[in-house]
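Enquirer: File input_20.txt below, compact mmCIF, C-alpha atoms:
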# COMPACT_ATOMS: atom_id res chain seq x y z
CA MET T 1145 93.40 171.42 69.22
CA PRO T 1146 94.00 170.46 72.88
CA PRO T 1147 97.24 168.64 73.72
CA PRO T 1148 96.93 164.89 74.29
CA GLN T 1149 96.47 163.80 77.87
CA GLN T 1150 99.64 162.50 79.46
CA ASN T 1151 98.00 160.23 82.07
CA SER T 1152 95.65 158.25 79.83
CA PRO T 1153 96.26 154.49 79.89
CA PRO T 1154 97.64 152.93 76.71
CA LYS T 1155 95.03 151.61 74.32
CA ARG T 1156 94.57 147.86 74.50
CA ARG T 1157 93.18 145.79 71.76
CA PRO T 1158 90.51 143.27 72.75
CA SER T 1159 91.82 139.94 73.98
CA THR T 1160 90.80 136.71 72.31
CA GLY T 1161 91.09 133.03 73.05
CA LEU T 1162 91.24 131.09 76.26
CA GLN T 1163 92.71 133.72 78.54
CA SER T 1164 90.01 136.35 78.03
CA SER T 1165 87.31 133.72 78.23
CA ALA T 1166 88.72 132.44 81.50
CA ARG T 1167 88.71 135.99 82.92
CA ARG T 1168 85.02 136.32 82.05
CA GLY T 1169 84.31 133.08 83.87
CA GLY T 1170 83.53 131.17 80.69
CA THR T 1171 85.27 128.25 79.16
CA GLY T 1172 85.72 129.61 75.65
CA MET T 1173 86.99 127.27 73.01
CA ALA T 1174 88.04 124.67 75.57
CA SER T 1175 84.50 124.04 76.71
CA ALA T 1176 84.04 120.62 75.12
CA VAL T 1177 85.25 117.78 77.33
CA THR T 1178 85.33 114.27 75.96
CA LYS T 1179 86.02 111.15 77.93
CA GLU T 1180 87.94 108.31 76.37
CA LYS T 1181 86.74 104.92 77.52
CA PRO T 1182 89.18 102.71 79.38
CA LYS T 1183 90.80 100.05 77.21
CA LEU T 1184 93.04 97.05 77.10
CA ARG T 1185 95.97 97.19 74.69
CA ALA T 1186 97.84 94.02 73.70
CA VAL T 1187 101.56 94.77 74.06
CA THR T 1188 102.95 91.25 73.43
CA GLY T 1189 101.74 87.97 72.00
CA PRO T 1190 99.62 87.05 68.97
CA ALA T 1191 97.23 89.97 69.53
CA GLU T 1192 100.00 92.60 69.82
CA GLY T 1193 98.74 96.01 68.70
CA GLN T 1194 95.03 95.25 69.17
CA GLU T 1195 92.92 97.37 71.52
CA TRP T 1196 89.58 96.72 73.17
CA GLU T 1197 87.43 99.49 74.66
CA LEU T 1198 85.90 98.47 77.97
CA ASP T 1199 82.16 98.98 77.89
CA GLY T 1200 79.23 97.31 79.63
CA GLU T 1201 79.19 95.64 83.03
CA GLU T 1202 81.22 92.46 82.49
CA LEU T 1203 83.72 91.39 79.84
CA VAL T 1204 85.15 87.90 79.49
CA LEU T 1205 88.75 87.57 78.29
CA GLY T 1206 89.99 84.41 76.64
CA ARG T 1207 90.51 82.38 73.50
CA ALA T 1208 86.80 81.79 72.64
CA ALA T 1209 85.62 83.82 69.64
CA ASP T 1210 82.45 84.96 71.46
CA ASN T 1211 84.40 86.67 74.28
CA ALA T 1212 84.36 90.46 74.45
CA VAL T 1213 88.17 90.26 74.46
CA SER T 1214 89.05 87.34 72.20
CA ILE T 1215 92.74 86.44 71.99
CA ALA T 1216 93.98 83.83 69.52
CA ASP T 1217 96.65 82.49 71.87
CA THR T 1218 96.70 78.72 72.47
CA SER T 1219 98.18 79.26 75.94
CA VAL T 1220 95.09 81.27 76.95
CA SER T 1221 92.00 79.41 78.22
CA ARG T 1222 88.70 79.75 76.33
CA LYS T 1223 87.21 81.63 79.31
CA HIS T 1224 90.38 82.82 81.03
CA ALA T 1225 89.48 85.91 83.08
CA ILE T 1226 86.67 88.39 83.62
CA LEU T 1227 86.58 92.17 83.99
CA ARG T 1228 83.72 93.65 86.02
CA ARG T 1229 82.79 97.31 86.29
CA THR T 1230 82.66 98.27 89.98
CA ASP T 1231 82.25 101.57 91.81
CA ALA T 1232 86.04 101.61 92.26
CA GLY T 1233 86.76 100.90 88.56
CA TRP T 1234 87.34 97.80 86.43
CA ALA T 1235 88.14 94.72 88.54
CA LEU T 1236 89.89 91.62 87.14
CA SER T 1237 89.40 88.01 88.27
CA ASP T 1238 90.82 84.75 86.96
CA LEU T 1239 88.16 82.21 85.95
CA GLY T 1240 90.16 79.14 87.02
CA SER T 1241 92.32 79.19 83.89
CA GLY T 1242 94.87 76.45 83.27
CA ASN T 1243 97.92 78.76 83.15
CA GLY T 1244 96.66 81.42 85.56
CA THR T 1245 96.65 85.19 85.23
CA LEU T 1246 99.42 87.54 86.32
CA LEU T 1247 98.89 91.18 87.27
CA ASN T 1248 102.10 93.19 87.09
CA GLY T 1249 104.09 89.95 87.30
CA GLU T 1250 102.28 88.60 90.38
CA PRO T 1251 99.71 85.76 90.37
CA LEU T 1252 96.13 87.07 90.49
CA ASP T 1253 94.40 85.28 93.38
CA ASP T 1254 91.50 87.63 94.18
CA GLU T 1255 89.43 90.12 92.25
CA THR T 1256 91.62 93.23 91.90
CA VAL T 1257 90.73 96.73 90.69
CA LEU T 1258 93.01 97.74 87.83
CA LYS T 1259 95.05 100.93 87.86
CA ASP T 1260 96.30 102.87 84.84
CA GLU T 1261 99.21 101.10 83.12
CA ASP T 1262 98.68 97.76 84.94
CA VAL T 1263 99.87 94.79 82.88
CA VAL T 1264 97.75 91.64 82.72
CA ALA T 1265 99.58 88.51 81.50
CA MET T 1266 97.62 85.53 80.19
CA GLY T 1267 99.68 82.85 78.47
CA ASP T 1268 101.99 84.49 75.92
CA THR T 1269 99.86 87.65 75.81
CA GLU T 1270 100.33 90.81 77.86
CA LEU T 1271 97.58 93.40 78.00
CA LYS T 1272 98.10 96.92 79.32
CA TYR T 1273 95.15 98.59 81.04
CA VAL T 1274 94.68 102.20 79.97
CA ALA T 1275 92.34 104.06 82.32
CA ALA T 1276 89.67 106.45 81.08
CA LYS T 1277 90.99 109.91 80.38
CA ARG T 1278 89.25 113.23 80.04
CA GLN T 1279 90.34 115.36 77.13
CA LEU T 1280 89.58 118.95 76.30
CA THR T 1281 88.64 119.48 72.69
CA GLY T 1282 89.09 122.87 71.13
CA VAL T 1283 92.25 123.66 73.10
CA ARG T 1284 94.48 122.96 70.13
CA ALA T 1285 92.36 125.19 67.93
CA ALA T 1286 92.50 127.96 70.53
CA VAL T 1287 96.24 127.75 71.13
CA ARG T 1288 97.21 127.29 67.51
CA GLY T 1289 94.59 129.63 66.18
CA GLY T 1290 92.49 126.98 64.47
CA THR T 1291 90.57 128.16 61.43
CA GLY T 1292 90.82 131.73 62.68
CA THR T 1293 94.54 131.79 61.82
CA ALA T 1294 93.91 130.95 58.18
CA ALA T 1295 91.16 133.56 58.00
CA ALA T 1296 93.41 136.20 59.58
CA LEU T 1297 96.22 135.42 57.17
CA ARG T 1298 93.91 135.57 54.15
CA SER T 1299 92.61 138.98 55.20
CA GLY T 1300 96.09 140.33 55.97
CA GLY T 1301 95.34 140.45 59.71
CA ARG T 1302 97.72 139.83 62.56
CA VAL T 1303 97.97 136.42 64.16
CA ARG T 1304 98.41 136.08 67.90
CA THR T 1305 99.92 132.90 69.32
CA THR T 1306 100.45 131.77 72.88
CA ARG T 1307 103.33 129.68 74.19
CA MET T 1308 103.22 128.20 77.66
CA ARG T 1309 106.26 128.70 79.89
CA ASP T 1310 106.99 127.53 83.41
CA SER T 1311 106.07 130.98 84.65
CA GLY T 1312 102.76 131.08 82.75
CA PRO T 1313 101.61 131.95 79.25
CA GLU T 1314 103.82 134.07 77.07
CA VAL T 1315 102.13 135.94 74.24
CA ALA T 1316 103.95 136.45 70.95
CA GLU T 1317 102.66 138.40 67.99
Could you quickly redo this structure as structure tokens?

Expert:
Amino acid sequence: MPPPQQNSPPKRRPSTGLQSSARRGGTGMASAVTKEKPKLRAVTGPAEGQEWELDGEELVLGRAADNAVSIADTSVSRKHAILRRTDAGWALSDLGSGNGTLLNGEPLDDETVLKDEDVVAMGDTELKYVAAKRQLTGVRAAVRGGTGTAAALRSGGRVRTTRMRDSGPEVAE
């Protein structure tokens, strides 16, 4: 039997998960991207805790029950303000309400495009604007092993996990 070669590279087991997929130019398990719609979240007032997804071209905010954003606050006008979808994002205008509309504590005089985390105050109600966000689905399953972890454990296989560090991914087995 010939002696083993001294200069042969160490055997590597096949890589799995996001890293190998990224090297191949694919997207692997993180390929699904979902987009959350922008929303308004009531942070104070009678509607505290409620959320409204922003959809369509125009949404009226106010006390009237037929508004897209209906707030049961007597200090809010029936048709208090309007949100319009523009090329720059969602823009807010006051509709001549009795108590006015504040944006981040300042009176809203002109139509203004909202930015993430802006606070709209109408009467006793404050609404926080939450901009649309893109989310990767499948990343958690890839990093934590997803259903593959349970299958590997049932079959007595080894489980590989990845922890992210400041200097990049660290692989632990």

Enquirer: I need the residue nearest Gly1193 in chain T from this list: T:Asn1243, T:Lys1277, T:Leu1227, T:Ile1215. Use all atoms listed in the file for the distance.

Expert: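 With all atoms listed in the file as the atom set, the closest residue is T:Ile1215.
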
Enquirer: Have a look at T:Thr1230, T:Glu1180, T:Leu1247, T:Glu1255 and name the one nearest to Lys1272 in chain T; count only C-alpha atoms.

Expert: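 Under the stated criterion, the closest residue is T:Leu1247.
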
Enquirer: Excluding Asp1210 in chain T and any residue of its chain fewer than 5 positions from it, enumerate the residues within 10 Å of it, using all atoms listed in the file, and give them as a VMD selection string.

Expert: chain T and resid 1204 to 1205 1222 to 1223

Enquirer: Please determine, counting all atoms listed in the file, which residue among T:Glu1195, T:Asp1260, T:Asp1238, T:Asp1268 has the shortest atom-to-atom distance to Ala1216 in chain T.

Expert: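 Checking each of T:Glu1195, T:Asp1260, T:Asp1238, T:Asp1268 against Ala1216 in chain T, counting all atoms listed in the file, the winner is T:Asp1268.
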
Enquirer: What does the structure give for the distance between CA of Pro1251 in chain T and CA of Lys1181 in chain T, in Å to one decimal?

Expert: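 Between CA of Pro1251 in chain T and CA of Lys1181 in chain T the gap is 26.5 Å.
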
Enquirer: Record the distance separating CA of Ser1214 in chain T and CA of Asp1253 in chain T, expressed in Å with one decimal.

Expert: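 It comes out at 21.9 Å.
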
Enquirer: Provide the CA of Thr1188 in chain T to CA of Gly1242 in chain T distance in Å, to one decimal place.

Expert: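 Pair CA of Thr1188 in chain T / CA of Gly1242 in chain T returns 19.5 Å.
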
Enquirer: Take every atom of range 1197-1200 of chain T listed in the file, fit an axis-aligned box around them, add 3 Å per side, and give the centre and edge lengths in Å to one decimal as lines of an AutoDock Vina configuration file.

Expert:
center_x = 83.3
center_y = 98.4
center_z = 77.1
size_x = 14.2
size_y = 8.2
size_z = 11.0
